[in-house]
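Enquirer: Contents of my_file03.txt (compact mmCIF, C-alpha atoms):
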# COMPACT_ATOMS: atom_id res chain seq x y z
CA SER Z 21 68.59 162.06 141.78
CA ARG Z 22 69.33 162.34 138.07
CA PRO Z 23 66.55 161.13 135.74
CA LEU Z 24 67.13 157.88 133.91
CA GLN Z 25 68.14 158.27 130.29
CA ARG Z 26 66.95 156.05 127.46
CA ARG Z 27 68.84 155.63 124.20
CA ILE Z 28 66.54 154.87 121.30
CA PHE Z 29 67.87 154.19 117.82
CA THR Z 30 65.79 155.26 114.82
CA HIS Z 31 67.55 153.27 112.11
CA THR Z 32 68.49 149.68 111.33
CA GLY Z 33 71.90 148.12 110.81
CA TRP Z 34 75.27 148.07 112.48
CA ARG Z 35 76.15 150.21 115.50
CA GLN Z 36 78.66 149.79 118.25
CA VAL Z 37 76.93 149.82 121.64
CA GLY Z 38 79.22 149.62 124.64
CA GLY Z 39 82.12 148.81 122.33
CA VAL Z 40 80.30 145.76 120.91
CA TRP Z 41 78.84 145.48 117.40
CA HIS Z 42 75.04 145.21 117.24
CA PHE Z 43 72.83 144.71 114.17
CA LEU Z 44 69.76 146.86 114.84
CA HIS Z 45 66.28 145.95 113.63
CA GLY Z 46 62.73 146.82 114.54
CA ALA Z 47 62.51 144.36 117.46
CA GLY Z 48 65.92 145.01 119.07
CA ALA Z 49 69.36 143.91 117.95
CA ILE Z 50 71.58 140.93 117.15
CA ALA Z 51 75.06 140.77 118.70
CA ALA Z 52 77.71 138.08 118.96
CA ARG Z 53 75.91 136.74 122.06
CA GLY Z 54 72.61 136.54 120.18
CA PHE Z 55 69.31 138.43 120.42
CA VAL Z 56 69.50 141.66 122.44
CA SER Z 57 66.07 142.90 123.47
CA GLU Z 58 67.29 145.72 125.71
CA VAL Z 59 68.55 147.78 122.77
CA GLU Z 60 65.59 149.98 121.78
CA VAL Z 61 64.85 150.67 118.12
CA GLU Z 62 61.88 152.72 116.94
CA LEU Z 63 61.41 152.79 113.18
CA GLU Z 64 59.03 154.94 111.18
CA ARG Z 65 55.62 153.43 110.61
CA GLY Z 66 56.23 152.05 107.11
CA LEU Z 67 59.45 150.30 108.14
CA ARG Z 68 58.44 148.61 111.39
CA ASP Z 69 58.20 145.16 109.82
CA TYR Z 70 62.00 145.05 109.59
CA GLN Z 71 62.20 142.61 112.51
CA LEU Z 72 64.49 139.65 113.06
CA PRO Z 73 63.95 136.73 115.45
CA ASP Z 74 66.29 135.28 118.04
CA PRO Z 75 68.92 133.37 116.01
CA GLN Z 76 68.57 130.48 118.47
CA SER Z 77 64.80 130.22 117.96
CA GLY Z 78 64.77 127.66 115.15
CA ASP Z 79 66.62 125.14 113.03
CA ILE Z 80 69.35 127.26 111.40
CA LYS Z 81 70.62 124.49 109.14
CA LYS Z 82 67.15 123.83 107.72
CA ALA Z 83 66.46 127.56 107.29
CA VAL Z 84 69.72 128.15 105.40
CA GLN Z 85 68.93 125.23 103.12
CA ALA Z 86 65.58 126.90 102.40
CA SER Z 87 67.41 130.07 101.34
CA ILE Z 88 69.67 128.04 99.05
CA GLU Z 89 66.59 126.38 97.54
CA LEU Z 90 65.49 129.84 96.38
CA LEU Z 91 67.97 129.34 93.56
CA GLY Z 92 65.59 126.79 92.03
CA VAL Z 93 62.67 129.21 91.77
CA ALA Z 94 64.05 130.80 88.56
CA PRO Z 95 67.15 130.58 86.32
CA ASP Z 96 70.52 131.26 87.95
CA PRO Z 97 71.04 134.69 86.28
CA VAL Z 98 67.83 135.78 88.01
CA THR Z 99 68.15 134.17 91.43
CA TRP Z 100 71.87 134.50 92.15
CA PRO Z 101 71.99 138.32 91.87
CA LEU Z 102 68.92 138.54 94.12
CA LEU Z 103 70.30 136.19 96.78
CA ALA Z 104 73.67 137.94 96.57
CA ALA Z 105 72.01 141.32 97.18
CA VAL Z 106 70.37 140.05 100.37
CA PHE Z 107 73.65 139.18 102.06
CA ARG Z 108 75.69 141.92 100.42
CA SER Z 109 73.46 144.55 102.04
CA ALA Z 110 74.44 143.39 105.55
CA LEU Z 111 78.11 144.16 104.75
CA ALA Z 112 77.52 147.83 103.89
CA GLU Z 113 78.90 149.17 107.20
CA TRP Z 114 82.37 148.01 106.18
CA LEU Z 115 81.93 148.00 102.40
CA PRO Z 116 79.34 150.56 101.17
CA ALA Z 117 77.17 149.20 98.36
CA GLU Z 118 77.67 151.45 95.35
CA LEU Z 119 75.01 149.71 93.29
CA SER Z 120 71.31 148.86 93.19
CA VAL Z 121 69.63 145.73 91.83
CA PHE Z 122 66.71 146.28 89.46
CA VAL Z 123 64.38 143.43 88.44
CA VAL Z 124 62.80 144.32 85.09
CA GLY Z 125 60.17 142.40 83.15
CA PRO Z 126 56.58 142.51 81.89
CA THR Z 127 53.58 142.22 84.16
CA GLY Z 128 52.75 138.70 85.34
CA THR Z 129 56.35 137.52 85.68
CA PHE Z 130 56.28 137.45 89.52
CA LYS Z 131 58.86 140.26 89.91
CA THR Z 132 57.33 141.55 93.12
CA CYS Z 133 56.96 138.06 94.58
CA LEU Z 134 60.64 137.30 93.98
CA ALA Z 135 61.79 140.60 95.44
CA ALA Z 136 59.53 140.11 98.46
CA LEU Z 137 61.26 136.79 99.19
CA CYS Z 138 64.51 138.75 99.42
CA ALA Z 139 62.94 141.38 101.69
CA ALA Z 140 61.56 138.56 103.90
CA HIS Z 141 65.13 137.84 104.98
CA PHE Z 142 64.81 141.05 107.01
CA GLY Z 143 61.31 140.42 108.36
CA ARG Z 144 58.77 137.69 107.77
CA ARG Z 145 55.90 140.15 107.33
CA TRP Z 146 57.29 141.47 104.05
CA THR Z 147 55.21 139.89 101.29
CA GLY Z 148 54.12 140.65 97.74
CA SER Z 149 51.20 142.65 99.17
CA ASN Z 150 53.23 144.35 101.93
CA THR Z 151 56.43 145.89 100.58
CA PRO Z 152 58.71 148.40 102.31
CA ALA Z 153 58.42 151.07 99.60
CA SER Z 154 57.01 151.79 96.14
CA TRP Z 155 57.80 154.19 93.34
CA SER Z 156 54.58 156.07 94.08
CA SER Z 157 56.38 157.57 97.10
CA THR Z 158 58.09 160.94 96.77
CA ALA Z 159 61.82 161.20 96.13
CA ASN Z 160 62.28 162.74 99.59
CA ALA Z 161 60.48 159.83 101.26
CA LEU Z 162 62.52 157.22 99.36
CA GLU Z 163 65.72 159.07 100.21
CA ARG Z 164 64.88 158.99 103.92
CA MET Z 165 63.94 155.30 103.77
CA ALA Z 166 67.26 154.45 102.08
CA PHE Z 167 69.06 156.35 104.84
CA THR Z 168 67.06 154.70 107.64
CA THR Z 169 67.41 151.12 106.39
CA LYS Z 170 71.12 150.97 107.10
CA ASP Z 171 72.76 147.64 106.15
CA HIS Z 172 69.37 146.31 105.06
CA LEU Z 173 67.74 145.62 101.70
CA LEU Z 174 65.24 148.33 100.77
CA MET Z 175 62.72 146.96 98.30
CA ILE Z 176 61.09 149.63 96.10
CA ASP Z 177 58.30 148.10 94.06
CA ASP Z 178 56.61 148.78 90.73
CA PHE Z 179 58.52 151.21 88.52
CA ALA Z 180 55.93 151.58 85.75
CA PRO Z 181 56.02 155.02 84.08
CA SER Z 182 52.55 155.95 82.85
CA GLY Z 183 50.18 158.88 82.60
CA THR Z 184 51.09 162.26 81.14
CA TYR Z 185 54.49 163.21 79.80
CA THR Z 186 55.06 165.19 82.99
CA ASP Z 187 54.15 162.18 85.18
CA ILE Z 188 56.55 159.92 83.29
CA ARG Z 189 59.35 162.48 83.40
CA LYS Z 190 58.85 163.00 87.13
CA LEU Z 191 59.07 159.26 87.88
CA HIS Z 192 62.26 158.91 85.86
CA ALA Z 193 63.71 161.91 87.71
CA THR Z 194 62.86 160.27 91.05
CA ALA Z 195 64.55 157.03 89.98
CA GLU Z 196 67.62 158.88 88.78
CA ARG Z 197 67.94 160.74 92.09
CA VAL Z 198 67.53 157.57 94.17
CA PHE Z 199 69.84 155.32 92.13
CA ARG Z 200 72.47 157.99 91.59
CA ALA Z 201 72.60 158.65 95.34
CA GLN Z 202 73.05 154.92 95.98
CA GLY Z 203 75.74 154.62 93.32
CA ASN Z 204 77.63 157.67 94.56
CA GLN Z 205 76.96 156.95 98.25
CA ALA Z 206 75.92 160.58 98.65
CA GLY Z 207 72.84 162.44 99.83
CA ARG Z 208 71.65 165.96 99.09
CA PHE Z 209 72.23 168.80 101.51
CA ARG Z 210 69.18 170.92 102.38
CA MET Z 211 68.73 174.51 103.44
CA ARG Z 212 66.93 175.08 106.74
CA ALA Z 213 64.49 177.94 107.25
CA ASP Z 214 67.26 179.90 109.01
CA SER Z 215 69.51 179.50 105.92
CA THR Z 216 71.86 177.01 107.59
CA LEU Z 217 72.66 173.69 105.94
CA ALA Z 218 70.91 170.55 107.12
CA GLY Z 219 72.78 167.26 106.91
CA SER Z 220 72.47 164.98 103.91
CA LEU Z 221 70.79 161.56 103.96
CA PRO Z 222 72.97 159.16 101.96
CA PRO Z 223 71.70 155.62 101.28
CA ARG Z 224 73.25 153.23 103.79
CA GLY Z 225 72.02 149.80 102.67
CA LEU Z 226 71.25 148.34 99.26
CA ILE Z 227 68.23 149.04 97.04
CA LEU Z 228 66.31 146.25 95.31
CA ALA Z 229 63.76 147.65 92.86
CA THR Z 230 61.23 146.15 90.46
CA GLY Z 231 59.65 147.56 87.33
CA GLU Z 232 58.10 146.93 83.95
CA ASP Z 233 60.44 149.49 82.42
CA GLN Z 234 63.97 150.53 83.30
CA PRO Z 235 65.33 153.99 84.15
CA HIS Z 236 66.83 156.04 81.34
CA GLY Z 237 70.49 156.84 80.77
CA GLN Z 238 73.56 154.67 80.32
CA SER Z 239 75.48 156.39 83.13
CA LEU Z 240 72.62 155.66 85.50
CA GLN Z 241 72.30 152.06 84.34
CA ALA Z 242 75.99 151.56 85.06
CA ARG Z 243 75.02 151.99 88.73
CA LEU Z 244 72.42 149.24 88.39
CA VAL Z 245 72.54 145.48 88.13
CA LEU Z 246 69.63 144.78 85.79
CA VAL Z 247 68.01 141.39 86.37
CA GLN Z 248 65.81 140.54 83.40
CA ILE Z 249 62.88 138.21 83.96
CA ALA Z 250 60.64 136.79 81.24
CA PRO Z 251 57.29 134.96 81.25
CA GLY Z 252 57.80 131.35 82.26
CA ASP Z 253 61.08 131.97 84.12
CA VAL Z 254 59.53 131.37 87.54
CA ASN Z 255 58.64 127.89 88.73
CA VAL Z 256 55.30 128.61 90.40
CA SER Z 257 55.20 125.56 92.68
CA ARG Z 258 58.70 126.32 94.00
CA LEU Z 259 57.72 129.95 94.41
CA THR Z 260 54.73 128.89 96.51
CA ASN Z 261 56.97 126.75 98.73
CA ALA Z 262 59.40 129.64 99.11
CA GLN Z 263 56.59 132.00 100.11
CA ALA Z 264 55.59 129.55 102.84
CA CYS Z 265 59.18 129.59 104.14
CA ALA Z 266 59.15 133.39 104.13
CA GLU Z 267 55.88 133.62 106.05
CA ASN Z 268 57.12 131.02 108.52
CA GLY Z 269 60.12 133.23 109.31
CA ASP Z 270 62.75 130.84 107.94
CA TYR Z 271 64.49 133.51 105.88
CA ALA Z 272 64.48 136.04 108.72
CA LEU Z 273 66.05 133.38 110.94
CA VAL Z 274 68.84 132.99 108.36
CA MET Z 275 69.64 136.71 108.48
CA ALA Z 276 69.56 136.71 112.29
CA ALA Z 277 72.15 133.93 112.40
CA PHE Z 278 74.17 135.44 109.55
CA THR Z 279 74.47 138.80 111.34
CA GLN Z 280 75.36 137.06 114.62
CA ARG Z 281 78.31 135.49 112.78
CA LEU Z 282 79.29 138.88 111.32
CA ALA Z 283 79.10 140.44 114.80
CA ARG Z 284 81.59 137.87 116.10
CA LEU Z 285 83.99 138.59 113.24
CA ALA Z 286 83.60 142.36 113.62
CA ASP Z 287 84.21 142.26 117.38
CA ALA Z 288 87.39 140.32 116.70
CA GLY Z 289 88.50 142.95 114.19
CA LYS Z 290 88.59 140.36 111.39
CA LEU Z 291 86.06 141.81 108.98
CA SER Z 292 86.84 145.22 107.52
CA ARG Z 293 90.34 144.60 106.13
CA ARG Z 294 89.46 141.12 104.89
CA LEU Z 295 86.37 142.33 103.02
CA ASP Z 296 88.22 145.16 101.30
CA ALA Z 297 91.09 142.87 100.22
CA ARG Z 298 88.67 140.26 98.88
CA ARG Z 299 86.66 142.85 96.95
CA LYS Z 300 89.82 143.95 95.13
CA GLU Z 301 90.65 140.34 94.24
CA LEU Z 302 87.16 139.76 92.88
CA ARG Z 303 87.22 142.97 90.87
CA ALA Z 304 90.48 141.89 89.24
CA GLU Z 305 88.88 138.54 88.43
CA ALA Z 306 85.81 140.26 86.96
CA ILE Z 307 87.87 142.57 84.74
CA LYS Z 308 89.24 139.49 82.99
CA GLY Z 309 85.72 138.69 81.81
CA SER Z 310 83.92 140.16 78.82
CA HIS Z 311 81.74 142.54 80.85
CA THR Z 312 84.35 145.27 81.38
CA ARG Z 313 81.70 147.89 82.15
CA THR Z 314 80.48 146.20 85.30
CA PRO Z 315 83.42 144.64 87.22
CA ASP Z 316 82.73 146.64 90.38
CA ASN Z 317 79.10 145.55 90.49
CA ILE Z 318 79.96 141.88 89.91
CA ALA Z 319 82.68 141.93 92.58
CA SER Z 320 80.38 143.70 95.04
CA LEU Z 321 77.58 141.16 94.70
CA MET Z 322 80.01 138.27 94.84
CA MET Z 323 81.09 139.47 98.28
CA GLY Z 324 77.58 138.71 99.51
CA VAL Z 325 77.66 135.28 97.85
CA GLU Z 326 80.96 134.27 99.43
CA GLU Z 327 80.05 135.40 102.94
CA PHE Z 328 76.74 133.54 102.69
CA LEU Z 329 78.37 130.34 101.40
CA ASP Z 330 81.05 130.40 104.13
CA PHE Z 331 78.27 130.83 106.68
CA SER Z 332 76.29 127.97 105.09
CA VAL Z 333 79.26 125.62 105.48
CA GLU Z 334 79.75 126.65 109.12
CA VAL Z 335 76.16 125.79 110.06
CA GLY Z 336 76.24 122.51 108.14
CA ALA Z 337 73.71 123.51 105.49
CA ILE Z 338 76.13 122.59 102.71
CA ALA Z 339 79.15 120.28 102.69
CA ASP Z 340 82.69 121.52 102.14
CA ASP Z 341 82.88 119.80 98.77
CA GLU Z 342 79.67 121.56 97.61
CA LEU Z 343 81.15 125.00 98.16
CA PRO Z 344 83.31 125.25 94.98
CA GLU Z 345 80.42 124.21 92.72
CA LEU Z 346 78.01 126.72 94.27
CA ARG Z 347 80.59 129.49 94.10
CA SER Z 348 81.29 128.67 90.46
CA SER Z 349 77.59 128.68 89.56
CA ALA Z 350 77.14 132.06 91.25
CA TRP Z 351 80.13 133.59 89.47
CA GLU Z 352 78.96 132.21 86.12
CA ALA Z 353 75.44 133.54 86.69
CA LEU Z 354 76.68 137.02 87.61
CA ASN Z 355 78.90 137.03 84.52
CA GLU Z 356 75.99 135.96 82.32
CA GLN Z 357 73.76 138.61 83.82
CA ALA Z 358 76.41 141.27 83.19
CA ASN Z 359 76.79 140.25 79.55
CA MET Z 360 73.02 140.36 79.05
CA GLN Z 361 72.92 143.84 80.58
CA VAL Z 362 75.59 145.09 78.16
CA ASN Z 363 73.47 143.86 75.23
CA LEU Z 364 70.29 145.29 76.75
CA VAL Z 365 71.57 148.85 77.19
Let me see the file written as structure tokens.
Expert:
Amino acid sequence: SRPLQRRIFTHTGWRQVGGVWHFLHGAGAIAARGFVSEVEVELERGLRDYQLPDPQSGDIKKAVQASIELLGVAPDPVTWPLLAAVFRSALAEWLPAELSVFVVGPTGTFKTCLAALCAAHFGRRWTGSNTPASWSSTANALERMAFTTKDHLLMIDDFAPSGTYTDIRKLHATAERVFRAQGNQAGRFRMRADSTLAGSLPPRGLILATGEDQPHGQSLQARLVLVQIAPGDVNVSRLTNAQACAENGDYALVMAAFTQRLARLADAGKLSRRLDARRKELRAEAIKGSHTRTPDNIASLMMGVEEFLDFSVEVGAIADDELPELRSSAWEALNEQANMQVNLV
């Protein structure tokens, strides 16, 4: 008899298995029918905490409301881009994310804590003391992580150039390589020992980075959405409540249910064309604003906002009449952030 074969995936994100869309994560997959434990996923050691629960395992409405309450932790120009990035990353299979989000501010402003709340939407074990990646990793390692975390948010913590001139230059070079690859949706080809070309490893999700300084170069910064955070911006008591929600798995439950909804839409063939058409509409809307250098980035993040808000209405977390106000506040915040970035660079 023929030996049994096992199919083991070594990345996260969307794959068609048996003609059905599945959202892979470290504990299995989410499909239109819910949690799928029989799909095997083995991630590298540092990424194994990317695990989602069964979307039917908790109170979805309450969990989504907890995600919306994240907006109250800091001013809208800080929280809306971060929340947008969370849900935008899950759309990358159909609409590659040609941007990264970079939270910049002095030490003590809770940058890492805020970013960890975003990462916790993809696994409740991600915390301020347990982050997926850091800038102390090599460029090759970060490149592989960005390739592996398909349709997920890859948090890279603590960009703080220090040490010798060579150390600082090397860190900036690493950041340029990582962010440029994300912005161009391209990896680097490598030469094998036998002189043949090895395949490239393009980023396949969305990068969320933090740092006390920002990478150099205007062309590189055009590929970034810079989220500036200042002392006093974060409401500490609300942050503490949000961290409890993250550790409880509320945010991961939101992403599990959100991807189940996307799986239904994708199986019905209703996602790809609609997303592309909507992105073009949003870009045209963004061009009318005063931030003409960043319309693509604004439109891209707004895609995540709109999909999340539609989902929130469907599960009853917000009322129909609340939707326009929330959408307007998100669009205004992204516009404000873009204008601040133009002045910053």
Enquirer: Could you give me, as CSV, a per-residue list for region 84-198 of chain Z showing, wherever an atom lies at most 12 Å from an atom of region 237-259 of chain Z, the closest pair of atoms and their distance in Å to one decimal, using all atoms listed in the file and sorting by chain then residue number from low to high?
Expert:
residue,atom,partner,partner_atom,distance
Z:Ala86,CA,Z:Arg258,CA,10.9
Z:Ser87,CA,Z:Leu259,CA,11.9
Z:Glu89,CA,Z:Arg258,CA,8.6
Z:Leu90,CA,Z:Arg258,CA,8.0
Z:Leu91,CA,Z:Arg258,CA,9.8
Z:Gly92,CA,Z:Arg258,CA,7.2
Z:Val93,CA,Z:Asn255,CA,5.2
Z:Ala94,CA,Z:Val254,CA,4.7
Z:Pro95,CA,Z:Asp253,CA,6.6
Z:Asp96,CA,Z:Asp253,CA,10.2
Z:Pro97,CA,Z:Val247,CA,7.4
Z:Val98,CA,Z:Val247,CA,5.8
Z:Thr99,CA,Z:Val247,CA,8.8
Z:Trp100,CA,Z:Val247,CA,9.8
Z:Pro101,CA,Z:Val247,CA,7.5
Z:Leu102,CA,Z:Val247,CA,8.3
Z:Leu103,CA,Z:Val247,CA,11.9
Z:Ala104,CA,Z:Val245,CA,11.4
Z:Ala105,CA,Z:Val245,CA,10.0
Z:Ala117,CA,Z:Arg243,CA,10.3
Z:Glu118,CA,Z:Arg243,CA,7.2
Z:Leu119,CA,Z:Arg243,CA,5.1
Z:Ser120,CA,Z:Leu244,CA,4.9
Z:Val121,CA,Z:Val245,CA,4.7
Z:Phe122,CA,Z:Leu246,CA,4.9
Z:Val123,CA,Z:Val247,CA,4.7
Z:Val124,CA,Z:Gln248,CA,5.1
Z:Gly125,CA,Z:Ile249,CA,5.1
Z:Pro126,CA,Z:Ala250,CA,7.0
Z:Thr127,CA,Z:Pro251,CA,8.7
Z:Gly128,CA,Z:Pro251,CA,7.2
Z:Thr129,CA,Z:Pro251,CA,5.2
Z:Phe130,CA,Z:Val254,CA,7.2
Z:Lys131,CA,Z:Ile249,CA,7.5
Z:Thr132,CA,Z:Ile249,CA,11.2
Z:Cys133,CA,Z:Leu259,CA,8.1
Z:Leu134,CA,Z:Leu259,CA,7.9
Z:Ala135,CA,Z:Val247,CA,11.0
Z:Ala136,CA,Z:Leu259,CA,11.1
Z:Leu137,CA,Z:Leu259,CA,9.1
Z:Gly148,CA,Z:Leu259,CA,11.8
Z:His192,CA,Z:Gly237,CA,9.9
Z:Ala193,CA,Z:Gly237,CA,10.9
Z:Ala195,CA,Z:Leu240,CA,9.3
Z:Glu196,CA,Z:Leu240,CA,6.8
Z:Arg197,CA,Z:Leu240,CA,9.5
Z:Val198,CA,Z:Leu240,CA,10.2
Enquirer: Leaving out region 67-81 of chain Z and any residue of its chain fewer than 5 positions from it, which residues lie within 7 Å of it when counting only C-alpha atoms, given as a PyMOL selection string?
Expert: chain Z and resi 45-47+54-55+142-143+145-146+152+272-274+276-277+335-337
Enquirer: Using CA of Arg65 (chain Z) and CA of Asp233 (chain Z) as the two end points, give the distance in Å to one decimal.
Expert: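 The value is 28.9 Å.
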Enquirer: Calculated over all atoms listed in the file, which of the candidates Z:Lys82, Z:Arg53, Z:Lys190, Z:His31 has the smallest distance to Ile338 (chain Z)?
Expert: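 Counting all atoms listed in the file, the residue closest to Ile338 (chain Z) is Z:Lys82.
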Enquirer: Smallest atom-to-atom distance to Leu329 (chain Z): which of Z:Val37, Z:Ala153, Z:Cys265, Z:Ile88, using only C-alpha atoms?
Expert: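 Going through Z:Val37, Z:Ala153, Z:Cys265, Z:Ile88 one by one, the smallest distance to Leu329 (chain Z) is for Z:Ile88.
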Enquirer: Can you tell me which residues surround region 161-174 of chain Z at a distance of at most 6 Å, considering all atoms listed in the file, apart from same-chain residues fewer than 4 positions away, and format the answer as JSON, numbers by chain?
Expert: {"Z": [31, 32, 33, 109, 110, 112, 221, 222, 223, 224, 225, 226, 227, 228]}
Enquirer: If we count all atoms listed in the file, what is near Trp41 (chain Z) at a cut-off of 7 Å, once residues fewer than 4 positions away on the same chain are taken out, given as a list in words?
Expert: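 Neighbouring residues, sequence-local ones excluded: Trp34, Arg35, Gln36, Val37, Ala51, Ala283, Ala286 and Asp287 of chain Z.
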Enquirer: Figure out the distance between CA of Leu285 (chain Z) and CA of Thr314 (chain Z), please, to one decimal in Å.
Expert: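 Distance between the two atoms: 29.2 Å.
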Enquirer: Have a look at CA of Glu60 (chain Z) and CA of Phe29 (chain Z) and let me know their distance in Å, one decimal.
Expert: 6.2 Å
Enquirer: For each of Z:His141, Z:Pro235, Z:Arg298, Z:Leu111, take the minimum atom-to-atom distance to Trp155 (chain Z), counting all atoms listed in the file, then give the residue where this is smallest.
Expert: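 Closest candidate: Z:Pro235.
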Enquirer: Would you mind putting all heavy atoms back on region 271-278 of chain Z and writing the result as a compact mmCIF listing (two decimals), in the coordinates of the input?
Expert:
# COMPACT_ATOMS: atom_id res chain seq x y z
N TYR Z 271 63.48 132.63 106.48
CA TYR Z 271 64.49 133.51 105.88
C TYR Z 271 64.98 134.55 106.88
O TYR Z 271 66.17 134.89 106.90
CB TYR Z 271 63.94 134.19 104.63
CG TYR Z 271 63.51 133.23 103.54
CD1 TYR Z 271 62.50 133.56 102.65
CD2 TYR Z 271 64.12 131.99 103.39
CE1 TYR Z 271 62.10 132.69 101.64
CE2 TYR Z 271 63.73 131.10 102.40
CZ TYR Z 271 62.71 131.46 101.52
OH TYR Z 271 62.33 130.59 100.55
N ALA Z 272 64.08 135.07 107.70
CA ALA Z 272 64.48 136.04 108.72
C ALA Z 272 65.41 135.39 109.75
O ALA Z 272 66.35 136.03 110.26
CB ALA Z 272 63.25 136.63 109.41
N LEU Z 273 65.18 134.12 110.03
CA LEU Z 273 66.05 133.38 110.94
C LEU Z 273 67.46 133.26 110.35
O LEU Z 273 68.47 133.38 111.08
CB LEU Z 273 65.48 131.99 111.21
CG LEU Z 273 66.29 131.06 112.12
CD1 LEU Z 273 66.40 131.64 113.53
CD2 LEU Z 273 65.66 129.67 112.17
N VAL Z 274 67.54 133.06 109.03
CA VAL Z 274 68.84 132.99 108.36
C VAL Z 274 69.62 134.29 108.55
O VAL Z 274 70.80 134.28 108.90
CB VAL Z 274 68.66 132.70 106.85
CG1 VAL Z 274 69.99 132.84 106.11
CG2 VAL Z 274 68.08 131.32 106.64
N MET Z 275 68.94 135.43 108.33
CA MET Z 275 69.64 136.71 108.48
C MET Z 275 70.04 136.96 109.93
O MET Z 275 71.12 137.53 110.19
CB MET Z 275 68.75 137.85 107.97
CG MET Z 275 69.42 139.22 107.97
SD MET Z 275 71.00 139.30 107.08
CE MET Z 275 70.47 138.92 105.40
N ALA Z 276 69.22 136.54 110.87
CA ALA Z 276 69.56 136.71 112.29
C ALA Z 276 70.85 135.96 112.61
O ALA Z 276 71.77 136.50 113.25
CB ALA Z 276 68.42 136.22 113.17
N ALA Z 277 70.95 134.72 112.14
CA ALA Z 277 72.15 133.93 112.40
C ALA Z 277 73.35 134.45 111.61
O ALA Z 277 74.49 134.44 112.10
CB ALA Z 277 71.89 132.46 112.06
N PHE Z 278 73.10 134.90 110.39
CA PHE Z 278 74.17 135.44 109.55
C PHE Z 278 74.79 136.69 110.19
O PHE Z 278 76.01 136.84 110.23
CB PHE Z 278 73.60 135.79 108.16
CG PHE Z 278 74.60 136.35 107.20
CD1 PHE Z 278 75.58 135.55 106.62
CD2 PHE Z 278 74.56 137.69 106.82
CE1 PHE Z 278 76.49 136.06 105.70
CE2 PHE Z 278 75.46 138.21 105.92
CZ PHE Z 278 76.44 137.40 105.36
